[in-house]
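Chemist: Compact mmCIF, C-alpha atoms, saved as input.txt, coming up:
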```txt
# COMPACT_ATOMS: atom_id res chain seq x y z
CA MET A 1 19.07 -6.84 -2.83
CA GLU A 2 19.64 -7.53 0.86
CA ILE A 3 23.09 -7.15 2.33
CA ARG A 4 23.74 -9.04 5.53
CA ARG A 5 25.42 -7.01 8.22
CA ASP A 6 25.94 -9.74 10.77
CA ARG A 7 28.73 -7.95 12.61
CA TYR A 8 26.42 -5.14 13.70
CA LEU A 9 23.31 -7.28 14.03
CA ASN A 10 25.12 -9.57 16.45
CA ARG A 11 26.28 -6.60 18.51
CA ILE A 12 22.68 -5.48 18.87
CA ILE A 13 21.52 -8.99 19.73
CA ASP A 14 24.25 -9.30 22.36
CA ARG A 15 22.89 -6.15 24.07
CA MET A 16 19.25 -7.23 24.23
CA HIS A 17 17.57 -6.86 27.65
CA ASN A 18 20.63 -5.24 29.23
CA GLY A 19 18.63 -2.44 30.88
CA MET A 20 20.15 0.28 28.68
CA VAL A 21 19.08 2.34 25.70
CA LYS A 22 20.84 0.87 22.68
CA VAL A 23 22.11 3.91 20.76
CA ILE A 24 22.94 3.04 17.15
CA THR A 25 25.23 5.73 15.79
CA GLY A 26 27.23 6.37 12.67
CA ILE A 27 27.56 8.65 9.71
CA ARG A 28 24.30 9.48 7.98
CA ARG A 29 23.15 7.18 5.15
CA CYS A 30 25.36 4.28 6.27
CA GLY A 31 22.45 1.87 6.85
CA LYS A 32 21.42 2.31 10.50
CA THR A 33 17.68 2.39 9.73
CA TYR A 34 17.90 -0.72 7.57
CA LEU A 35 19.87 -2.49 10.29
CA LEU A 36 17.36 -1.64 13.01
CA PHE A 37 14.03 -1.94 11.22
CA ASN A 38 14.78 -4.64 8.66
CA LEU A 39 17.56 -6.88 9.92
CA PHE A 40 16.91 -6.64 13.66
CA GLY A 41 13.15 -6.58 13.13
CA ASP A 42 13.36 -9.76 11.07
CA TYR A 43 15.48 -11.36 13.78
CA LEU A 44 12.87 -10.60 16.44
CA ARG A 45 10.13 -12.07 14.27
CA SER A 46 12.20 -15.19 13.62
CA GLU A 47 12.44 -15.60 17.40
CA GLY A 48 8.66 -15.62 17.69
CA VAL A 49 8.02 -11.96 18.60
CA ASP A 50 4.79 -10.80 16.95
CA ASP A 51 4.30 -7.39 15.35
CA GLU A 52 2.15 -6.13 18.23
CA HIS A 53 5.19 -6.33 20.49
CA ILE A 54 7.59 -4.65 18.05
CA ILE A 55 7.04 -0.87 18.07
CA GLU A 56 8.92 0.78 15.20
CA LEU A 57 8.68 4.51 14.65
CA ALA A 58 10.53 6.73 12.16
CA LEU A 59 10.40 10.33 13.35
CA ASP A 60 11.78 11.80 10.15
CA VAL A 61 8.68 11.03 8.07
CA GLU A 62 5.93 13.61 7.83
CA GLU A 63 3.15 11.25 8.90
CA ASN A 64 4.79 11.01 12.33
CA ALA A 65 5.43 14.75 12.72
CA ALA A 66 2.94 15.06 15.58
CA LEU A 67 4.94 12.49 17.56
CA ARG A 68 8.06 14.65 17.54
CA ASP A 69 6.65 16.34 20.62
CA PRO A 70 8.09 14.34 23.54
CA THR A 71 4.82 14.40 25.47
CA ALA A 72 2.90 13.04 22.48
CA LEU A 73 5.65 10.52 21.79
CA SER A 74 5.57 9.22 25.35
CA ALA A 75 1.79 8.92 25.32
CA TYR A 76 1.83 7.06 22.01
CA LEU A 77 4.49 4.57 23.08
CA ARG A 78 2.79 3.85 26.38
CA SER A 79 -0.51 3.30 24.58
CA ARG A 80 1.19 0.65 22.44
CA ILE A 81 2.60 -1.12 25.50
CA ALA A 82 -0.68 -2.75 26.42
CA ASN A 83 0.46 -5.43 28.84
CA ARG A 84 3.02 -4.80 31.59
CA HIS A 85 3.70 -8.54 31.85
CA GLU A 86 4.71 -9.07 28.20
CA GLN A 87 8.00 -8.08 26.54
CA TYR A 88 8.01 -5.17 24.06
CA TYR A 89 10.72 -3.84 21.77
CA VAL A 90 10.74 -0.12 20.95
CA SER A 91 12.81 1.06 17.96
CA LEU A 92 12.95 4.80 17.27
CA ASP A 93 14.66 6.10 14.15
CA GLU A 94 16.09 9.63 13.82
CA VAL A 95 15.13 10.65 17.35
CA GLN A 96 16.82 14.03 16.93
CA TYR A 97 13.55 15.18 15.41
CA ALA A 98 12.07 15.08 18.91
CA ILE A 99 14.55 17.72 20.14
CA SER A 100 13.47 21.33 19.68
CA ARG A 101 15.69 24.21 18.57
CA GLU A 102 15.18 25.89 21.95
CA GLU A 103 16.47 22.79 23.72
CA LEU A 104 19.50 22.71 21.47
CA LYS A 105 20.39 26.25 22.43
CA ASN A 106 20.32 25.43 26.16
CA PRO A 107 22.92 22.72 26.82
CA VAL A 108 22.43 22.96 30.59
CA ILE A 109 18.92 21.50 30.59
CA PRO A 110 18.59 18.01 29.01
CA PRO A 111 16.03 17.74 26.19
CA ARG A 112 12.67 16.29 27.20
CA LEU A 113 13.33 13.37 24.86
CA TYR A 114 15.84 11.97 27.34
CA GLY A 115 13.13 11.90 29.99
CA VAL A 116 10.94 9.87 27.62
CA LEU A 117 13.70 7.34 27.01
CA ASN A 118 14.62 7.12 30.68
CA GLY A 119 10.96 6.56 31.49
CA LEU A 120 10.87 3.62 29.09
CA LEU A 121 13.96 2.18 30.75
CA ARG A 122 12.10 2.03 34.06
CA MET A 123 9.49 -0.22 32.46
CA ARG A 124 11.08 -3.61 32.94
CA ASN A 125 9.24 -5.17 30.02
CA VAL A 126 10.51 -2.66 27.44
CA ASP A 127 13.77 -2.92 25.48
CA VAL A 128 14.71 0.37 23.79
CA TYR A 129 16.71 1.00 20.59
CA VAL A 130 17.28 4.38 18.94
CA THR A 131 19.23 5.79 16.02
CA GLY A 132 20.50 9.32 15.59
CA SER A 133 23.24 10.69 13.43
CA ASN A 134 22.94 14.32 12.47
CA SER A 135 24.01 17.54 14.15
CA LYS A 136 21.12 17.49 16.61
CA PHE A 137 21.86 14.06 18.06
CA LEU A 138 25.49 13.01 17.90
CA SER A 139 26.91 10.05 19.75
CA HIS A 140 29.06 12.07 22.17
CA ASP A 141 26.03 14.02 23.39
CA VAL A 142 23.87 10.91 23.76
CA MET A 143 26.35 8.89 25.75
CA THR A 144 27.06 11.85 28.03
CA GLU A 145 23.39 12.40 28.77
CA PHE A 146 22.69 8.78 29.66
CA ARG A 147 25.78 8.40 31.87
CA GLY A 148 25.92 4.62 32.04
CA ARG A 149 22.36 4.02 30.82
CA GLY A 150 23.22 4.12 27.11
CA ASP A 151 25.02 1.41 25.15
CA GLU A 152 26.45 2.48 21.79
CA VAL A 153 26.63 0.36 18.65
CA ARG A 154 28.74 2.16 16.06
CA VAL A 155 27.77 1.40 12.46
CA ARG A 156 29.98 2.17 9.47
CA PRO A 157 29.49 2.13 5.69
CA LEU A 158 29.75 -1.20 3.92
CA SER A 159 33.01 -3.07 4.29
CA PHE A 160 34.45 -4.62 1.14
CA SER A 161 33.06 -8.06 1.97
CA GLU A 162 29.62 -6.54 2.56
CA PHE A 163 29.95 -4.51 -0.63
CA MET A 164 30.64 -7.67 -2.64
CA GLN A 165 27.32 -9.16 -1.54
CA GLY A 166 25.60 -6.65 -3.80
CA PHE A 167 28.22 -6.16 -6.52
CA ASP A 168 27.77 -7.86 -9.88
CA GLY A 169 31.30 -8.86 -10.78
CA ASP A 170 34.45 -10.55 -9.46
CA ARG A 171 36.42 -9.28 -6.50
CA TYR A 172 39.02 -7.54 -8.67
CA GLN A 173 36.34 -5.53 -10.45
CA GLY A 174 34.66 -4.98 -7.09
CA TRP A 175 37.85 -3.72 -5.49
CA ALA A 176 38.42 -1.26 -8.34
CA GLU A 177 34.88 0.04 -7.84
CA TYR A 178 35.11 0.09 -4.03
CA THR A 179 38.33 2.10 -3.92
CA VAL A 180 36.70 4.83 -6.01
CA TYR A 181 33.10 5.00 -4.80
CA GLY A 182 33.39 3.43 -1.34
CA GLY A 183 30.72 1.64 0.66
CA MET A 184 27.74 3.95 1.06
CA PRO A 185 24.82 1.55 0.54
CA LEU A 186 22.76 3.70 -1.82
CA ALA A 187 25.73 4.34 -4.10
CA LEU A 188 26.10 0.58 -4.58
CA SER A 189 22.61 0.38 -6.06
CA MET A 190 23.27 3.12 -8.65
CA ARG A 191 24.05 2.07 -12.21
CA THR A 192 26.29 4.77 -13.67
CA ASP A 193 29.51 6.39 -12.49
CA GLU A 194 27.92 9.79 -12.99
CA GLN A 195 25.06 8.95 -10.62
CA LYS A 196 27.44 7.65 -7.95
CA ALA A 197 29.79 10.61 -8.18
CA ARG A 198 26.99 13.16 -8.06
CA TYR A 199 25.31 11.42 -5.13
CA LEU A 200 28.50 11.29 -3.05
CA GLU A 201 29.44 14.89 -3.81
CA ARG A 202 26.02 16.18 -2.80
CA LEU A 203 25.90 13.95 0.27
CA PHE A 204 29.18 15.34 1.55
CA GLU A 205 28.37 18.97 0.86
CA GLU A 206 24.65 19.16 1.59
CA THR A 207 24.42 16.72 4.48
CA TYR A 208 27.63 16.23 6.43
CA LEU A 209 29.20 19.67 6.13
CA ARG A 210 25.86 21.39 6.55
CA ASP A 211 25.28 19.46 9.79
CA VAL A 212 28.62 20.61 11.17
CA VAL A 213 28.11 24.23 10.12
CA GLU A 214 24.60 24.46 11.56
CA ARG A 215 25.42 22.71 14.81
CA HIS A 216 28.48 24.79 15.62
CA GLU A 217 27.37 28.00 13.87
CA ILE A 218 30.55 28.19 11.81
CA ARG A 219 30.84 31.44 9.92
CA LYS A 220 34.22 31.06 8.23
CA LEU A 221 33.12 28.39 5.78
CA GLY A 222 36.17 28.88 3.60
CA GLU A 223 38.54 27.78 6.34
CA LEU A 224 36.46 24.70 7.14
CA ASN A 225 36.32 23.73 3.47
CA ASP A 226 40.06 24.23 3.09
CA LEU A 227 40.73 22.05 6.13
CA VAL A 228 38.52 19.25 4.80
CA ASN A 229 40.36 19.39 1.47
CA VAL A 230 43.77 19.26 3.15
CA LEU A 231 42.75 16.28 5.29
CA ALA A 232 41.22 14.49 2.31
CA SER A 233 44.33 15.04 0.21
CA GLY A 234 46.62 13.80 2.99
CA ILE A 235 44.95 10.66 4.37
CA GLY A 236 47.52 8.54 6.13
CA THR A 237 49.97 11.44 6.38
CA LEU A 238 51.58 12.29 9.71
CA THR A 239 50.30 15.63 10.89
CA ASN A 240 48.72 17.54 13.78
CA PRO A 241 46.96 20.89 14.27
CA SER A 242 50.25 22.76 14.58
CA LYS A 243 51.57 21.37 11.31
CA LEU A 244 48.26 22.11 9.65
CA GLU A 245 48.44 25.70 10.92
CA ASN A 246 51.84 26.06 9.26
CA THR A 247 50.39 24.69 6.03
CA PHE A 248 47.57 27.20 6.12
CA ARG A 249 49.98 30.09 6.71
CA SER A 250 52.55 29.13 4.06
CA VAL A 251 50.33 27.75 1.31
CA LEU A 252 46.92 29.35 1.79
CA HIS A 253 48.14 32.53 3.50
CA SER A 254 45.49 32.03 6.18
CA LYS A 255 45.81 33.12 9.81
CA ILE A 256 43.65 30.30 11.19
CA SER A 257 45.04 29.13 14.54
CA SER A 258 45.89 25.60 15.61
CA ASN A 259 43.16 25.85 18.26
CA THR A 260 40.53 26.59 15.62
CA ILE A 261 41.87 23.77 13.46
CA SER A 262 41.68 21.40 16.42
CA SER A 263 38.07 22.46 17.06
CA TYR A 264 37.09 21.94 13.43
CA ILE A 265 38.68 18.50 13.42
CA GLY A 266 36.74 17.64 16.56
CA TYR A 267 33.50 18.71 14.89
CA LEU A 268 34.23 16.49 11.89
CA GLU A 269 35.03 13.56 14.18
CA ASP A 270 31.80 14.03 16.16
CA ALA A 271 29.90 13.90 12.87
CA PHE A 272 31.71 10.64 11.96
CA VAL A 273 33.25 12.18 8.82
CA ILE A 274 36.87 11.52 9.86
CA GLU A 275 38.65 9.59 12.59
CA GLU A 276 41.93 10.23 14.37
CA ALA A 277 44.58 7.53 14.75
CA ARG A 278 47.31 7.85 17.36
CA ARG A 279 50.50 5.84 17.56
CA TYR A 280 50.12 2.89 19.89
CA ASP A 281 53.67 3.23 21.29
CA VAL A 282 53.39 6.85 22.46
CA LYS A 283 52.71 7.30 26.17
CA GLY A 284 52.19 10.08 28.69
CA ARG A 285 53.55 13.47 27.70
CA GLY A 286 54.57 12.06 24.33
CA TYR A 287 50.97 12.50 23.18
CA ILE A 288 51.35 16.28 23.39
CA GLY A 289 52.29 17.49 19.93
CA SER A 290 52.72 13.95 18.65
CA PRO A 291 51.94 13.54 14.94
CA LEU A 292 48.65 11.86 14.11
CA LYS A 293 46.90 10.36 11.13
CA TYR A 294 43.37 11.10 10.00
CA TYR A 295 41.25 8.71 7.99
CA PHE A 296 37.88 9.21 6.32
CA GLU A 297 34.87 7.17 7.33
CA ASP A 298 34.34 6.22 3.70
CA VAL A 299 36.84 6.42 0.86
CA GLY A 300 34.11 7.22 -1.66
CA LEU A 301 33.19 10.33 0.29
CA ARG A 302 36.84 11.28 0.52
CA ASN A 303 37.29 10.85 -3.24
CA ALA A 304 34.12 12.80 -3.95
CA ARG A 305 35.41 15.68 -1.88
CA LEU A 306 38.48 15.87 -4.13
CA GLY A 307 36.50 15.50 -7.34
CA PHE A 308 37.83 11.92 -7.78
CA ARG A 309 41.22 13.35 -8.76
CA GLN A 310 43.53 11.79 -6.15
CA VAL A 311 42.76 8.07 -5.98
CA GLU A 312 46.16 6.68 -4.93
CA GLU A 313 45.73 2.98 -4.20
CA SER A 314 48.30 2.83 -1.38
CA HIS A 315 46.64 5.62 0.61
CA ILE A 316 43.17 4.32 -0.17
CA MET A 317 44.19 0.82 0.97
CA GLU A 318 45.53 2.22 4.23
CA ASN A 319 42.27 4.08 4.85
CA VAL A 320 40.18 0.99 4.05
CA VAL A 321 42.26 -1.26 6.30
CA TYR A 322 42.06 1.21 9.17
CA THR A 323 38.27 1.56 9.02
CA ARG A 324 37.88 -2.20 8.59
CA TRP A 325 39.88 -2.99 11.69
CA THR A 326 38.27 -0.31 13.81
CA SER A 327 34.85 -1.69 12.87
CA ALA A 328 35.93 -5.22 13.79
CA TRP A 329 37.63 -4.37 17.10
CA SER A 330 37.22 -1.83 19.87
CA ARG A 331 39.98 0.75 20.32
CA SER A 332 41.23 -1.04 23.45
CA ALA A 333 41.39 -4.38 21.65
CA LEU A 334 43.23 -2.76 18.76
CA ALA A 335 45.75 -1.23 21.13
CA ARG A 336 46.47 -4.64 22.67
CA ARG A 337 47.10 -6.11 19.25
CA ALA A 338 49.03 -3.19 17.80
CA GLY A 339 52.40 -4.54 18.87
CA THR A 340 51.73 -7.76 17.03
CA PHE A 341 50.98 -5.89 13.80
CA ALA A 342 53.96 -3.59 14.20
CA ASN A 343 56.46 -6.39 14.86
CA SER A 344 55.30 -8.49 11.93
CA SER A 345 57.70 -8.19 9.01
CA ARG A 346 55.68 -10.38 6.68
CA SER A 347 53.56 -9.10 3.83
CA THR A 348 49.97 -9.74 4.83
CA SER A 349 46.75 -10.28 2.95
CA SER A 350 44.07 -7.69 3.30
CA PRO A 351 41.70 -8.59 6.17
CA ILE A 352 38.75 -7.35 4.16
CA GLY A 353 38.68 -9.95 1.44
CA ALA A 354 40.26 -7.67 -1.13
CA PRO A 355 42.95 -8.83 -3.55
CA THR A 356 46.24 -9.39 -1.74
CA ALA A 357 48.29 -6.24 -1.27
CA SER A 358 51.06 -5.04 1.01
CA THR A 359 50.05 -2.26 3.34
CA SER A 360 52.54 0.37 4.44
CA ASN A 361 52.92 1.62 8.01
CA ARG A 362 51.20 -1.36 9.63
CA ARG A 363 51.81 0.02 13.08
CA TRP A 364 48.93 2.44 12.42
CA ARG A 365 45.59 0.78 13.12
```
Could I get this file's structure written as structure tokens?

Modeler:
Amino acid sequence: MEIRRDRYLNRIIDRMHNGMVKVITGIRRCGKTYLLFNLFGDYLRSEGVDDEHIIELALDVEENAALRDPTALSAYLRSRIANRHEQYYVSLDEVQYAISREELKNPVIPPRLYGVLNGLLRMRNVDVYVTGSNSKFLSHDVMTEFRGRGDEVRVRPLSFSEFMQGFDGDRYQGWAEYTVYGGMPLALSMRTDEQKARYLERLFEETYLRDVVERHEIRKLGELNDLVNVLASGIGTLTNPSKLENTFRSVLHSKISSNTISSYIGYLEDAFVIEEARRYDVKGRGYIGSPLKYYFEDVGLRNARLGFRQVEESHIMENVVYTRWTSAWSRSALARRAGTFANSSRSTSSPIGAPTASTSNRRWR
């Protein structure tokens, strides 16, 4: 089963030979490796590029463990680039494995990996693509380090239209499945509800939360877990760190501060677990203390976090529409179009190919 992801493939193709490192980011297990090695690799071959000029390396597999040392990695890549007058394409998957623990603890000195990538950039016949998603190599860090030399392509879990490419059933059955188990590619290939639920629950707990905890050395795990549960239960609800602090004090009898809550939310955003949505019509000082909305990167992960107990279609639809539009448009483009959505009084069809439904609060995109 091959699912076409033309939206992201075209974004990579549009960035070819632009003199930058193409940094493919997104939540773990959303299909970045498949996009880079399979879909983009097949595109290069269809354009006449032979395998000798396509250098693909997955650093998370044990057979390539020796190449996690930046010096060895650099030597290997340069040995594969045999002719300075011919074009080569270098694709590195899970490059965080080439960053040592010591380098992670010293944020002042850039990891040696960045020197390797910058060295490749200076070779005019080399086009560089990398993926990285976990706590050792998040998008914010990467783009800061490259300062104008990195070009990000954000990848998300399967949209509904992509999901339907691999679903055996009509769109109504598919929508019912999608709103419960979401668009993580591996979940789509599983046969039973039990397998899907167990996979998503373990993925959230053992991968995403563990990444956040290890990266930021969080000791009060209970507070982080409570915050994730509150956000998951209230997707699409107007809130902010101050309101969440009041909730913690009154309901959970916790003394967690709004500053800590804000930090935890930032950690979850950096790991691509959730995303913040601000009102398009708030300006200047109005942003301070303004209520926000938080959406999950994937509704299946959100449902798994709550034990599949709160699957309200209206809130799920709002989350799906938000992530669909943010994957289709940049934030700036969305802001320019927000007024159009807000001023429309007509009931609209879902832009994701789902069965027609009215969506509340259309001014939030």

Chemist: Name the closest residue to Asn83 of chain A among the candidates A:Phe40, A:Asp270, A:Arg124, A:Glu162; distances are taken between atoms, counting only C-alpha atoms.

Modeler: A:Arg124

Chemist: What would the list of residues within 12 Å of (25.8, -7.6, 17.9) (file frame) look like as a PyMOL selection string, if all atoms listed in the file are what count?

Modeler: chain A and resi 5-16+22+24+35-36+39-40+43+151-155+327-328

Chemist: Would you list the residues near (49.9, 12.1, 8.7), meaning any protein, DNA or RNA residue with an atom at most 7 Å from that point in file coordinates, counting only C-alpha atoms, as a ChimeraX atom specification?

Modeler: /A:234-239,291-294

Chemist: Between A:Ala176, A:Leu252, A:Leu306, A:Leu121, which has the minimum distance to Asn18 of chain A (counting all atoms listed in the file)?

Modeler: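 Using all atoms listed in the file, Asn18 of chain A sits closest to A:Leu121.
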
Chemist: Rank nothing, just name the residue among A:Met1, A:Ile261, A:Ala232, A:Leu104 nearest to Asn246 of chain A, using all atoms listed in the file.

Modeler: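 Once distances to Asn246 of chain A are computed over all atoms listed in the file, the minimum belongs to A:Ile261.
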
Chemist: So how many Å separate atom CA of Val116 of chain A and atom CA of Ser91 of chain A, to one decimal?

Modeler: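 Computing the Euclidean distance for atom CA of Val116 of chain A and atom CA of Ser91 of chain A yields 13.2 Å.
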
Chemist: I'd like the interatomic distance between atom CA of Ile27 of chain A and atom CA of Arg122 of chain A, to a tenth of an Å.

Modeler: 29.6 Å

Chemist: Using only C-alpha atoms, which of A:Arg156, A:Arg198, A:His216, A:Arg4 sits nearest Asn303 of chain A?

Modeler: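 Of all the options, A:Arg198 lies closest to Asn303 of chain A.
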
Chemist: State, in Å with one decimal place, the distance from atom CA of Glu275 of chain A to atom CA of Met20 of chain A.

Modeler: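 Computing it gives 26.2 Å between the two atoms.
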
Chemist: Quick one: which segment 19-97 of chain A residues come within 10 Å of segment 179-189 of chain A, and what is the nearest atom pair for each with the distance in Å to one decimal, counting only C-alpha atoms, rows ordered by chain and ascending number, as JSON lines?

Modeler:
```
{"residue": "A:Ile27", "atom": "CA", "partner": "A:Met184", "partner_atom": "CA", "distance": 9.8}
{"residue": "A:Arg28", "atom": "CA", "partner": "A:Met184", "partner_atom": "CA", "distance": 9.5}
{"residue": "A:Arg29", "atom": "CA", "partner": "A:Met184", "partner_atom": "CA", "distance": 6.9}
{"residue": "A:Cys30", "atom": "CA", "partner": "A:Met184", "partner_atom": "CA", "distance": 5.7}
{"residue": "A:Gly31", "atom": "CA", "partner": "A:Pro185", "partner_atom": "CA", "distance": 6.7}
```

Chemist: Which is closer to Thr71 of chain A than all the others in A:Arg101, A:His253, A:Arg112, A:His85, using all atoms listed in the file?

Modeler: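 When distances to Thr71 of chain A are compared using all atoms listed in the file, the smallest one comes from A:Arg112.
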
Chemist: My structure is short of atoms at segment 57-83 of chain A; please model N, CA and C atoms there, returning them as a PDB file, keeping the file's coordinate frame.

Modeler:
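Result file selection.pdb:
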```pdb
ATOM      1  N   LEU A  57       9.172   3.162  14.941  1.00  0.00           N
ATOM      2  CA  LEU A  57       8.680   4.510  14.650  1.00  0.00           C
ATOM      3  C   LEU A  57       9.801   5.339  14.043  1.00  0.00           C
ATOM      4  N   ALA A  58       9.573   5.844  12.832  1.00  0.00           N
ATOM      5  CA  ALA A  58      10.530   6.730  12.160  1.00  0.00           C
ATOM      6  C   ALA A  58      10.060   8.160  12.318  1.00  0.00           C
ATOM      7  N   LEU A  59      10.815   8.960  13.050  1.00  0.00           N
ATOM      8  CA  LEU A  59      10.400  10.330  13.350  1.00  0.00           C
ATOM      9  C   LEU A  59      10.734  11.322  12.256  1.00  0.00           C
ATOM     10  N   ASP A  60      11.428  10.877  11.222  1.00  0.00           N
ATOM     11  CA  ASP A  60      11.780  11.800  10.150  1.00  0.00           C
ATOM     12  C   ASP A  60      10.744  11.841   9.033  1.00  0.00           C
ATOM     13  N   VAL A  61       9.715  11.015   9.100  1.00  0.00           N
ATOM     14  CA  VAL A  61       8.680  11.030   8.070  1.00  0.00           C
ATOM     15  C   VAL A  61       7.539  11.946   8.498  1.00  0.00           C
ATOM     16  N   GLU A  62       6.929  12.586   7.533  1.00  0.00           N
ATOM     17  CA  GLU A  62       5.930  13.610   7.830  1.00  0.00           C
ATOM     18  C   GLU A  62       4.712  13.053   8.542  1.00  0.00           C
ATOM     19  N   GLU A  63       4.341  11.822   8.268  1.00  0.00           N
ATOM     20  CA  GLU A  63       3.150  11.250   8.900  1.00  0.00           C
ATOM     21  C   GLU A  63       3.305  11.090  10.413  1.00  0.00           C
ATOM     22  N   ASN A  64       4.547  11.112  10.891  1.00  0.00           N
ATOM     23  CA  ASN A  64       4.790  11.010  12.330  1.00  0.00           C
ATOM     24  C   ASN A  64       5.210  12.338  12.947  1.00  0.00           C
ATOM     25  N   ALA A  65       4.987  13.443  12.241  1.00  0.00           N
ATOM     26  CA  ALA A  65       5.430  14.750  12.720  1.00  0.00           C
ATOM     27  C   ALA A  65       4.845  15.101  14.075  1.00  0.00           C
ATOM     28  N   ALA A  66       3.580  14.729  14.306  1.00  0.00           N
ATOM     29  CA  ALA A  66       2.940  15.060  15.580  1.00  0.00           C
ATOM     30  C   ALA A  66       3.616  14.366  16.757  1.00  0.00           C
ATOM     31  N   LEU A  67       4.300  13.250  16.490  1.00  0.00           N
ATOM     32  CA  LEU A  67       4.940  12.490  17.560  1.00  0.00           C
ATOM     33  C   LEU A  67       6.348  12.993  17.878  1.00  0.00           C
ATOM     34  N   ARG A  68       6.760  14.062  17.207  1.00  0.00           N
ATOM     35  CA  ARG A  68       8.060  14.650  17.540  1.00  0.00           C
ATOM     36  C   ARG A  68       7.999  15.430  18.843  1.00  0.00           C
ATOM     37  N   ASP A  69       6.800  15.741  19.299  1.00  0.00           N
ATOM     38  CA  ASP A  69       6.650  16.340  20.620  1.00  0.00           C
ATOM     39  C   ASP A  69       6.850  15.248  21.663  1.00  0.00           C
ATOM     40  N   PRO A  70       7.803  15.406  22.585  1.00  0.00           N
ATOM     41  CA  PRO A  70       8.090  14.340  23.540  1.00  0.00           C
ATOM     42  C   PRO A  70       6.888  13.873  24.346  1.00  0.00           C
ATOM     43  N   THR A  71       5.994  14.799  24.714  1.00  0.00           N
ATOM     44  CA  THR A  71       4.820  14.400  25.470  1.00  0.00           C
ATOM     45  C   THR A  71       3.919  13.487  24.638  1.00  0.00           C
ATOM     46  N   ALA A  72       3.705  13.860  23.367  1.00  0.00           N
ATOM     47  CA  ALA A  72       2.900  13.040  22.480  1.00  0.00           C
ATOM     48  C   ALA A  72       3.585  11.702  22.189  1.00  0.00           C
ATOM     49  N   LEU A  73       4.895  11.741  22.041  1.00  0.00           N
ATOM     50  CA  LEU A  73       5.650  10.520  21.790  1.00  0.00           C
ATOM     51  C   LEU A  73       5.520   9.544  22.951  1.00  0.00           C
ATOM     52  N   SER A  74       5.680  10.067  24.167  1.00  0.00           N
ATOM     53  CA  SER A  74       5.570   9.220  25.350  1.00  0.00           C
ATOM     54  C   SER A  74       4.186   8.600  25.468  1.00  0.00           C
ATOM     55  N   ALA A  75       3.161   9.422  25.223  1.00  0.00           N
ATOM     56  CA  ALA A  75       1.790   8.920  25.320  1.00  0.00           C
ATOM     57  C   ALA A  75       1.533   7.835  24.274  1.00  0.00           C
ATOM     58  N   TYR A  76       2.024   8.050  23.064  1.00  0.00           N
ATOM     59  CA  TYR A  76       1.830   7.060  22.010  1.00  0.00           C
ATOM     60  C   TYR A  76       2.508   5.735  22.359  1.00  0.00           C
ATOM     61  N   LEU A  77       3.757   5.793  22.775  1.00  0.00           N
ATOM     62  CA  LEU A  77       4.490   4.570  23.080  1.00  0.00           C
ATOM     63  C   LEU A  77       3.843   3.801  24.232  1.00  0.00           C
ATOM     64  N   ARG A  78       3.410   4.523  25.242  1.00  0.00           N
ATOM     65  CA  ARG A  78       2.790   3.850  26.380  1.00  0.00           C
ATOM     66  C   ARG A  78       1.429   3.256  26.004  1.00  0.00           C
ATOM     67  N   SER A  79       0.756   3.869  25.024  1.00  0.00           N
ATOM     68  CA  SER A  79      -0.510   3.300  24.580  1.00  0.00           C
ATOM     69  C   SER A  79      -0.288   1.996  23.807  1.00  0.00           C
ATOM     70  N   ARG A  80       0.875   1.871  23.190  1.00  0.00           N
ATOM     71  CA  ARG A  80       1.190   0.650  22.440  1.00  0.00           C
ATOM     72  C   ARG A  80       1.667  -0.472  23.360  1.00  0.00           C
ATOM     73  N   ILE A  81       2.145  -0.096  24.541  1.00  0.00           N
ATOM     74  CA  ILE A  81       2.600  -1.120  25.500  1.00  0.00           C
ATOM     75  C   ILE A  81       1.395  -1.507  26.349  1.00  0.00           C
ATOM     76  N   ALA A  82       0.630  -2.451  25.846  1.00  0.00           N
ATOM     77  CA  ALA A  82      -0.680  -2.750  26.420  1.00  0.00           C
ATOM     78  C   ALA A  82      -0.630  -3.650  27.639  1.00  0.00           C
ATOM     79  N   ASN A  83       0.399  -4.447  27.761  1.00  0.00           N
ATOM     80  CA  ASN A  83       0.460  -5.430  28.840  1.00  0.00           C
ATOM     81  C   ASN A  83       1.795  -5.330  29.562  1.00  0.00           C
TER      82      ASN A  83
END
```
